[in-house]
>>> print(open('model_26.tsv').read())   # TSV, C-alpha atoms and all ligand atoms
chain	number	residue	atom	x	y	z
Q	4	ARG	CA	0.00	0.00	0.00
Q	5	MET	CA	2.67	2.40	-1.06
Q	6	MET	CA	0.14	5.13	-1.78
Q	7	HIS	CA	-1.73	4.97	1.53
Q	8	THR	CA	0.69	5.23	4.46
Q	9	LYS	CA	1.46	8.87	5.24
Q	10	CYS	CA	-2.26	9.44	5.69
Q	11	ARG	CA	-2.30	6.81	8.44
Q	12	SER	CA	0.56	8.15	10.56
Q	13	GLU	CA	-0.34	8.48	14.23
Q	14	PHE	CA	-0.34	12.26	14.56
Q	15	TYR	CA	-2.57	14.34	12.36
Q	16	PRO	CA	-0.68	17.45	11.11
Q	17	SER	CA	-0.92	20.81	12.93
Q	18	SER	CA	-3.07	19.37	15.71
Q	19	SER	CA	-2.96	17.14	18.76
Q	20	ILE	CA	-5.36	14.68	17.12
Q	21	LYS	CA	-4.30	11.03	16.97
Q	22	ARG	CA	-5.48	8.65	14.28
Q	23	LEU	CA	-6.76	5.21	15.15
Q	24	GLN	CA	-3.98	2.71	14.41
Q	25	PHE	CA	-4.81	-0.68	12.86
Q	26	PRO	CA	-3.11	-3.29	10.67
Q	27	ASP	CA	-2.73	-2.78	6.91
Q	28	SER	CA	-5.04	-5.70	6.25
Q	29	LEU	CA	-7.96	-3.67	7.64
Q	30	VAL	CA	-7.46	-0.65	5.35
Q	31	PRO	CA	-9.88	-1.62	2.52
Q	32	TRP	CA	-13.50	-0.71	3.22
Q	33	PHE	CA	-14.66	-4.11	1.96
Q	34	VAL	CA	-12.74	-5.87	4.75
Q	35	ASP	CA	-14.99	-6.27	7.78
Q	36	PHE	CA	-13.92	-4.12	10.75
Q	37	SER	CA	-17.20	-3.93	12.65
Q	38	ASN	CA	-15.88	-2.07	15.69
Q	39	TYR	CA	-14.05	0.54	13.56
Q	40	ASN	CA	-14.73	3.78	15.41
Q	41	PRO	CA	-12.06	6.39	14.64
Q	42	PRO	CA	-12.02	9.87	16.15
Q	43	GLU	CA	-13.45	12.78	14.19
Q	44	TYR	CA	-11.61	16.00	13.41
Q	45	ASN	CA	-12.81	19.06	11.56
Q	46	SER	CA	-10.53	22.07	11.72
Q	47	PRO	CA	-12.58	24.98	13.14
Q	48	ASN	CA	-10.58	27.33	10.88
Q	49	LEU	CA	-12.50	26.09	7.85
Q	50	LEU	CA	-15.88	27.40	8.94
Q	51	ASN	CA	-17.04	30.39	6.89
Q	52	LYS	CA	-14.03	30.22	4.56
Q	53	THR	CA	-15.22	31.00	1.04
Q	54	TRP	CA	-12.87	28.37	-0.44
Q	55	ALA	CA	-14.09	25.60	1.89
Q	56	ASP	CA	-17.28	23.55	2.09
Q	57	PRO	CA	-19.70	24.10	4.98
Q	58	ALA	CA	-19.92	21.58	7.83
Q	59	ILE	CA	-21.27	18.25	6.62
Q	60	ASN	CA	-24.50	18.61	8.62
Q	61	ASP	CA	-25.17	22.22	7.52
Q	62	PRO	CA	-28.76	22.18	6.18
Q	63	GLU	CA	-27.72	24.52	3.34
Q	64	PHE	CA	-25.01	22.11	2.16
Q	65	ASN	CA	-26.37	19.97	-0.68
Q	66	PRO	CA	-23.30	18.71	-2.50
Q	67	LYS	CA	-23.58	16.75	-5.72
Q	68	TRP	CA	-21.13	13.95	-5.12
Q	69	ASN	CA	-19.21	12.43	-8.04
Q	70	MET	CA	-20.22	15.34	-10.28
Q	71	LEU	CA	-19.18	18.73	-11.42
Q	72	ASN	CA	-21.10	20.71	-8.79
Q	73	GLY	CA	-21.39	24.16	-10.37
Q	74	LYS	CA	-17.74	25.17	-10.56
Q	75	ILE	CA	-16.62	22.76	-7.85
Q	76	ASN	CA	-15.22	19.52	-9.18
Q	77	ARG	CA	-16.45	16.74	-6.90
Q	78	GLN	CA	-15.42	14.04	-9.37
Q	79	SER	CA	-12.52	11.81	-8.50
Q	80	HIS	CA	-9.72	10.79	-10.88
Q	81	MET	CA	-10.04	7.37	-9.22
Q	82	GLY	CA	-13.58	6.69	-10.46
Q	83	THR	CA	-16.84	6.74	-8.52
Q	84	TYR	CA	-16.37	7.01	-4.76
Q	85	GLU	CA	-18.87	5.63	-2.26
Q	86	ILE	CA	-21.13	7.66	-0.02
Q	87	GLN	CA	-21.79	6.26	3.46
Q	88	ASN	CA	-24.19	8.02	5.85
Q	89	GLY	CA	-24.02	11.11	3.70
Q	90	ARG	CA	-20.21	11.21	3.62
Q	91	PRO	CA	-17.79	10.41	0.82
Q	92	LEU	CA	-15.43	7.51	1.52
Q	93	ASN	CA	-11.69	7.71	0.81
Q	94	PRO	CA	-11.16	5.56	-2.31
Q	95	LYS	CA	-7.94	4.08	-0.88
Q	96	GLY	CA	-9.58	2.89	2.33
Q	97	ARG	CA	-9.58	3.66	6.04
Q	98	THR	CA	-7.25	6.30	7.50
Q	99	GLY	CA	-8.13	6.11	11.20
Q	100	LEU	CA	-9.71	9.56	11.20
Q	101	ARG	CA	-13.20	10.79	10.33
Q	102	GLY	CA	-14.20	14.27	9.25
Q	103	ARG	CA	-12.34	16.49	6.81
Q	104	GLY	CA	-9.46	17.44	9.10
Q	105	LEU	CA	-7.63	20.39	7.56
Q	106	LEU	CA	-8.98	19.95	4.04
Q	107	GLY	CA	-11.49	22.38	2.59
Q	108	ARG	CA	-13.60	19.94	0.60
Q	109	TRP	CA	-15.47	16.84	1.60
Q	110	GLY	CA	-14.46	14.13	-0.87
Q	111	PRO	CA	-11.73	14.91	-3.41
Q	112	ASN	CA	-9.61	18.06	-3.01
Q	113	HIS	CA	-8.06	18.78	-6.39
Q	114	ALA	CA	-4.48	20.03	-6.68
Q	115	ALA	CA	-1.96	20.40	-9.49
Q	116	ASP	CA	1.81	19.87	-9.20
Q	117	PRO	CA	4.32	21.39	-11.62
Q	118	ILE	CA	7.48	19.26	-11.80
Q	119	VAL	CA	9.96	21.71	-13.28
Q	120	THR	CA	13.26	20.04	-14.18
Q	121	ARG	CA	16.67	20.75	-15.70
Q	122	TRP	CA	19.92	18.77	-16.02
Q	123	LYS	CA	22.69	19.29	-13.49
Q	124	LEU	CA	25.56	20.81	-15.44
Q	125	ARG	CA	29.33	20.88	-15.02
Q	126	GLU	CA	31.20	24.14	-15.26
Q	127	ASN	CA	31.75	23.54	-18.98
Q	128	ASN	CA	27.97	23.18	-19.41
Q	129	GLU	CA	28.12	19.44	-20.06
Q	130	LYS	CA	25.62	17.23	-18.26
Q	131	LEU	CA	26.92	15.81	-15.00
Q	132	ILE	CA	26.83	12.00	-15.22
Q	133	ASP	CA	26.54	9.79	-12.17
Q	134	ASN	CA	29.54	7.44	-11.81
Q	135	LEU	CA	27.55	4.41	-10.78
Q	136	THR	CA	24.48	4.52	-13.02
Q	137	ASN	CA	26.13	6.31	-15.93
Q	138	LYS	CA	23.03	8.46	-16.23
Q	139	PRO	CA	22.70	12.26	-16.15
Q	140	ILE	CA	21.64	13.84	-12.87
Q	141	LEU	CA	18.31	15.63	-12.95
Q	142	GLN	CA	17.39	18.62	-10.79
Q	143	PHE	CA	13.90	19.78	-9.94
Q	144	CYS	CA	12.47	22.94	-8.48
Q	145	ALA	CA	11.77	22.07	-4.84
Q	146	ILE	CA	10.07	24.21	-2.23
Q	147	GLN	CA	10.08	23.85	1.53
Q	148	ARG	CA	6.55	23.91	2.92
Q	149	LYS	CA	5.71	26.39	5.64
Q	150	ASP	CA	3.17	24.06	7.32
Q	151	CYS	CA	5.45	21.09	8.05
Q	152	GLY	CA	8.98	22.07	6.95
Q	153	GLN	CA	9.15	19.23	4.42
Q	154	TRP	CA	10.49	19.67	0.89
Q	155	ALA	CA	7.89	19.32	-1.83
Q	156	LEU	CA	6.73	20.20	-5.31
Q	157	PRO	CA	5.41	23.76	-5.62
Q	158	GLY	CA	1.84	22.52	-6.06
Q	159	GLY	CA	-1.46	23.88	-4.93
Q	160	MET	CA	-5.22	23.66	-5.06
Q	161	VAL	CA	-7.19	24.10	-8.26
Q	162	ASP	CA	-9.56	27.02	-7.72
Q	163	PRO	CA	-13.22	26.43	-8.67
Q	164	GLY	CA	-13.52	26.77	-12.45
Q	165	GLU	CA	-9.77	27.20	-12.89
Q	166	LYS	CA	-8.01	25.37	-15.70
Q	167	ILE	CA	-5.29	23.02	-14.49
Q	168	SER	CA	-2.78	24.64	-16.83
Q	169	GLN	CA	-3.50	27.91	-15.02
Q	170	THR	CA	-3.12	26.37	-11.54
Q	171	LEU	CA	0.27	24.92	-12.49
Q	172	LYS	CA	1.62	28.24	-13.67
Q	173	ARG	CA	0.05	30.26	-10.87
Q	174	GLU	CA	1.35	27.99	-8.09
Q	175	PHE	CA	4.83	27.90	-9.60
Q	176	MET	CA	4.86	31.67	-9.76
Q	177	GLU	CA	3.52	32.07	-6.20
Q	178	GLU	CA	5.70	29.50	-4.46
Q	179	ALA	CA	8.91	29.49	-6.54
Q	180	LEU	CA	9.01	33.06	-7.91
Q	181	ASN	CA	7.16	34.88	-5.11
Q	182	SER	CA	4.77	36.50	-7.56
Q	183	LEU	CA	2.42	37.60	-4.77
Q	184	GLU	CA	5.07	40.06	-3.57
Q	185	ALA	CA	6.50	41.00	-6.95
Q	186	ASN	CA	5.53	44.25	-8.60
Q	187	ALA	CA	3.28	44.29	-11.65
Q	188	GLU	CA	6.22	44.69	-14.03
Q	189	GLU	CA	8.16	41.72	-12.61
Q	190	CYS	CA	5.00	39.62	-12.76
Q	191	LYS	CA	4.40	40.46	-16.38
Q	192	MET	CA	8.00	39.62	-17.24
Q	193	ASN	CA	7.88	36.25	-15.46
Q	194	GLU	CA	4.56	35.42	-17.02
Q	195	LYS	CA	5.88	36.18	-20.47
Q	196	MET	CA	8.97	34.04	-19.89
Q	197	LEU	CA	6.88	31.16	-18.55
Q	198	LYS	CA	4.16	31.25	-21.17
Q	199	ASP	CA	5.83	29.08	-23.81
Q	200	PHE	CA	7.67	26.95	-21.29
Q	201	PHE	CA	4.45	25.93	-19.56
Q	202	GLU	CA	2.82	25.11	-22.86
Q	203	ASN	CA	4.87	21.93	-23.37
Q	204	GLY	CA	4.33	19.67	-20.40
Q	205	THR	CA	4.19	15.89	-20.07
Q	206	GLU	CA	1.52	14.42	-17.84
Q	207	ILE	CA	3.23	12.27	-15.24
Q	208	TYR	CA	0.42	11.29	-12.91
Q	209	LYS	CA	-3.25	11.87	-12.24
Q	210	GLY	CA	-4.97	10.56	-9.14
Q	211	TYR	CA	-4.87	10.07	-5.39
Q	212	VAL	CA	-2.07	11.60	-3.31
Q	213	ASP	CA	-0.89	10.03	-0.03
Q	214	ASP	CA	-1.16	13.37	1.77
Q	215	PRO	CA	-0.85	13.45	5.58
Q	216	ARG	CA	-4.00	15.62	5.73
Q	217	ASN	CA	-6.23	12.94	4.18
Q	218	THR	CA	-9.05	11.45	6.22
Q	219	ASP	CA	-11.77	8.85	5.73
Q	220	ASN	CA	-14.00	11.52	4.16
Q	221	SER	CA	-11.57	13.97	2.48
Q	222	TRP	CA	-8.48	13.40	0.41
Q	223	MET	CA	-6.03	15.06	-1.99
Q	224	GLU	CA	-5.81	14.29	-5.69
Q	225	THR	CA	-3.43	15.81	-8.18
Q	226	VAL	CA	-2.47	16.19	-11.79
Q	227	ALA	CA	1.33	16.28	-12.02
Q	228	ILE	CA	2.92	17.70	-15.14
Q	229	ASN	CA	6.62	17.71	-15.99
Q	230	PHE	CA	8.03	20.84	-17.60
Q	231	HIS	CA	11.60	20.08	-18.61
Q	232	ASP	CA	14.19	22.70	-19.57
Q	233	ASP	CA	16.45	20.43	-21.59
Q	234	ASN	CA	19.22	22.91	-22.38
Q	235	GLY	CA	18.91	24.87	-19.15
Q	236	GLU	CA	18.53	28.09	-21.08
Q	237	HIS	CA	15.01	28.87	-19.93
Q	238	VAL	CA	13.45	28.39	-16.49
Q	239	GLY	CA	16.67	26.59	-15.54
Q	240	LYS	CA	18.26	30.05	-15.42
Q	241	PHE	CA	15.54	31.70	-13.36
Q	242	ASP	CA	16.25	33.37	-10.09
Q	243	LEU	CA	14.06	31.32	-7.73
Q	244	LYS	CA	12.49	33.07	-4.76
Q	245	ALA	CA	10.21	31.39	-2.22
Q	246	GLY	CA	6.78	32.87	-1.61
Q	247	ASP	CA	3.27	32.24	-0.24
Q	248	ASP	CA	3.21	28.88	1.59
Q	249	ALA	CA	6.87	28.14	0.70
Q	250	VAL	CA	9.73	29.26	2.98
Q	251	ASN	CA	12.61	28.08	0.77
Q	252	VAL	CA	13.15	27.13	-2.83
Q	253	HIS	CA	16.06	25.56	-4.70
Q	254	TRP	CA	17.09	23.21	-7.50
Q	255	MET	CA	17.35	19.82	-5.80
Q	256	ASP	CA	19.32	16.88	-7.17
Q	257	VAL	CA	17.06	13.93	-7.90
Q	258	ASN	CA	17.99	10.45	-6.62
Q	259	LYS	CA	16.42	7.63	-4.65
Q	260	LYS	CA	17.34	9.21	-1.32
Q	261	ILE	CA	15.14	12.29	-1.69
Q	262	ASP	CA	12.46	12.30	1.00
Q	263	LEU	CA	9.62	14.56	-0.02
Q	264	TYR	CA	6.15	15.53	1.17
Q	265	ALA	CA	3.20	13.22	0.43
Q	266	SER	CA	3.74	11.10	-2.74
Q	267	HIS	CA	6.08	13.61	-4.36
Q	268	SER	CA	9.15	11.30	-4.42
Q	269	GLU	CA	7.13	8.72	-6.36
Q	270	LEU	CA	6.07	11.39	-8.84
Q	271	LEU	CA	9.73	12.28	-9.39
Q	272	LYS	CA	10.63	8.65	-9.95
Q	273	ASN	CA	8.15	8.66	-12.86
Q	274	VAL	CA	9.88	11.72	-14.34
Q	275	VAL	CA	13.27	10.03	-13.92
Q	276	ASP	CA	12.06	6.99	-15.87
Q	277	HIS	CA	10.54	9.22	-18.53
Q	278	LEU	CA	13.71	11.28	-19.06
Q	279	GLY	CA	16.24	8.48	-18.49
Q	280	ALA	CA	17.87	10.24	-15.55
Q	281	HIS	CA	19.94	8.96	-12.64
Q	282	TRP	CA	17.98	7.71	-9.61
Q	301	LIG	C1	-0.31	17.71	-2.11
Q	301	LIG	O1	-0.68	18.94	-1.52
Q	301	LIG	C2	-0.41	17.95	-3.59
Q	301	LIG	O2	0.40	17.03	-4.29
Q	301	LIG	C3	0.02	19.40	-3.72
Q	301	LIG	O3	1.43	19.48	-3.85
Q	301	LIG	C4	-0.35	20.02	-2.38
Q	301	LIG	C5	-1.48	21.01	-2.47
Q	301	LIG	O4	-1.79	21.54	-1.22
Q	301	LIG	P1	-1.22	22.93	-0.69
Q	301	LIG	O5	0.22	23.03	-1.15
Q	301	LIG	O6	-2.06	24.00	-1.33
Q	301	LIG	O7	-1.33	22.87	0.79
Q	301	LIG	O8	-1.15	16.68	-1.70
Q	302	MG	MG	0.15	27.61	-3.09
Q	303	MG	MG	1.24	24.59	-2.15
>>> encode(input="model_26.tsv", output="structure tokens", more="lines below")
Ligand code: RP5
Ligand code: MG
Ligand code: MG
Amino acid sequence: RMMHTKCRSEFYPSSSIKRLQFPDSLVPWFVDFSNYNPPEYNSPNLLNKTWADPAINDPEFNPKWNMLNGKINRQSHMGTYEIQNGRPLNPKGRTGLRGRGLLGRWGPNHAADPIVTRWKLRENNEKLIDNLTNKPILQFCAIQRKDCGQWALPGGMVDPGEKISQTLKREFMEEALNSLEANAEECKMNEKMLKDFFENGTEIYKGYVDDPRNTDNSWMETVAINFHDDNGEHVGKFDLKAGDDAVNVHWMDVNKKIDLYASHSELLKNVVDHLGAHW
């Protein structure tokens, strides 16, 4: 169950809430676990936030599960999810915690992750080759998350009605170029430079993310797209600057030892296979 472990860790992030612990064999909903009675957590900070759903028992809340609900996408990349007692069920199984925790949406919470890569170069601009694997070393644009301090992709939530291509560019600009604090002129310049680059991406993954914030009733999903600067003449030359929910940003060497937030290391492994890079 590679893709369903971080969301079962004992301590729920940014809280003192503990998840119910149980053996892997009891994760699937179809396996009988009749006395399963996990705690419930709903972050009080979500109430009355325009970007979040109301409480599940709010009489005004009439979500259309498994559908495009106005501008809110309540469809899952994983197929149809089940509804039990009026609540969506995590398609990967039990997590030991009920409620929506820190997540804004009941059911799927849609994100997009830009995987921006370049080759690691020697001083003479030749690709740096790993001695053992004989393969070129890839670097990706990594950010350090403010919420947990872990290194991650500069991804973020898809706003209602927003195109994924827009989310990818916007989040990259916010978290890796600090566009929220840049002046209008700098923003325009960055946007112009990124326009063509972000046009040619390769879809790497679409689906469930093993995010530590997931619960039995709310979970993260993403679309991860690789944007590769093959000659390092484009975004590979950018001056990165952390912003918004990122506290640090840098070009990180990619190999099997990288330990990233949620399922982000697995996403990078897919890029490595795709580009024939060192791992
Ligand atoms: C992860 O959370 C996704 O892969 C994406 O990177 C991120 C989106 O959440 P925020 O960065 O907006 O918190 O599951
Ligand atoms: Mg963001
Ligand atoms: Mg983010």
>>> residues_around(input="model_26.tsv", residues="Tyr264 of chain Q", least_positions_apart="2", cutoff="7 Å", atoms="only C-alpha atoms", output="JSON, numbers by chain")
{"Q": [153, 154, 155, 266, 267]}
>>> closest_residue(input="model_26.tsv", among="Q:Lys166, Q:Lys209, Q:Arg11, Q:Arg90", to="ligand LIG 301 (chain Q)", atoms="all atoms listed in the file")
Q:Lys209
>>> closest_residue(input="model_26.tsv", among="Q:Lys149, Q:Lys130, Q:Lys123, Q:Lys172", to="ligand LIG 301 (chain Q)", atoms="all atoms listed in the file")
Q:Lys149
>>> residues_around(input="model_26.tsv", residues="segment 20-33 of chain Q", least_positions_apart="2", cutoff="7 Å", atoms="all atoms listed in the file", output="list in words")
Arg11, Glu13, Phe14, Tyr15, Ser18, Asp35, Phe36, Pro41, Pro42, Lys95, Gly96, Arg97, Gly99 and Leu100 of chain Q
>>> residues_near_ligand(input="model_26.tsv", ligand="ligand MG 302 (chain Q)", cutoff="12 Å", atoms="all atoms listed in the file", output="MDAnalysis selection string")
chainID Q and resid 114:117 146:150 155:162 170:183 245:250
>>> atom_distance(input="model_26.tsv", atom1="atom CA of Ala187 of chain Q", atom2="atom CA of Asn234 of chain Q")
28.7 Å
>>> atom_distance(input="model_26.tsv", atom1="atom CA of Val226 of chain Q", atom2="atom O4 of ligand LIG 301 (chain Q)")
11.9 Å
>>> closest_residue(input="model_26.tsv", among="Q:Thr120, Q:Thr225, Q:Asn258, Q:Ser37", to="ligand MG 303 (chain Q)", atoms="only C-alpha atoms and all ligand atoms")
Q:Thr225
>>> atom_distance(input="model_26.tsv", atom1="atom CA of Gln142 of chain Q", atom2="atom C5 of ligand LIG 301 (chain Q)")
20.8 Å
>>> closest_residue(input="model_26.tsv", among="Q:Phe200, Q:Phe230, Q:Trp122, Q:Trp54", to="ligand LIG 301 (chain Q)", atoms="only C-alpha atoms and all ligand atoms")
Q:Trp54
>>> axis_aligned_box(input="model_26.tsv", around="segment 189-194 of chain Q", padding_each_side="6 Å", output="lines of an AutoDock Vina configuration file")
center_x = 6.3
center_y = 38.6
center_z = -14.9
size_x = 15.8
size_y = 18.3
size_z = 16.6
>>> closest_residue(input="model_26.tsv", among="Q:Asp214, Q:Glu43, Q:Asp56, Q:Glu188", to="ligand LIG 301 (chain Q)", atoms="only C-alpha atoms and all ligand atoms")
Q:Asp214
>>> closest_residue(input="model_26.tsv", among="Q:Pro111, Q:Pro47, Q:Gly102, Q:Gly235", to="Leu71 of chain Q", atoms="only C-alpha atoms")
Q:Pro111
>>> residues_around(input="model_26.tsv", residues="segment 83-88 of chain Q", least_positions_apart="2", cutoff="10 Å", atoms="all atoms listed in the file", output="number ranges by chain")
Q: 32, 68-70, 77-81, 90-95, 110-111, 220
>>> residues_around(input="model_26.tsv", residues="Ala55 of chain Q", least_positions_apart="3", cutoff="7 Å", atoms="all atoms listed in the file", output="PyMOL selection string")
chain Q and resi 49+52+107-108
>>> residues_around(input="model_26.tsv", residues="segment 277-281 of chain Q", least_positions_apart="6", cutoff="8 Å", atoms="all atoms listed in the file", output="PDB file with C-alpha atoms, keeping the file's coordinate frame")
ATOM      1  CA  ILE Q 132      26.830  12.000 -15.220  1.00  0.00           C
ATOM      2  CA  ASP Q 133      26.540   9.790 -12.170  1.00  0.00           C
ATOM      3  CA  THR Q 136      24.480   4.520 -13.020  1.00  0.00           C
ATOM      4  CA  ASN Q 137      26.130   6.310 -15.930  1.00  0.00           C
ATOM      5  CA  LYS Q 138      23.030   8.460 -16.230  1.00  0.00           C
ATOM      6  CA  PRO Q 139      22.700  12.260 -16.150  1.00  0.00           C
ATOM      7  CA  ILE Q 140      21.640  13.840 -12.870  1.00  0.00           C
ATOM      8  CA  LEU Q 141      18.310  15.630 -12.950  1.00  0.00           C
ATOM      9  CA  VAL Q 257      17.060  13.930  -7.900  1.00  0.00           C
ATOM     10  CA  ASN Q 258      17.990  10.450  -6.620  1.00  0.00           C
TER      11      ASN Q 258
END
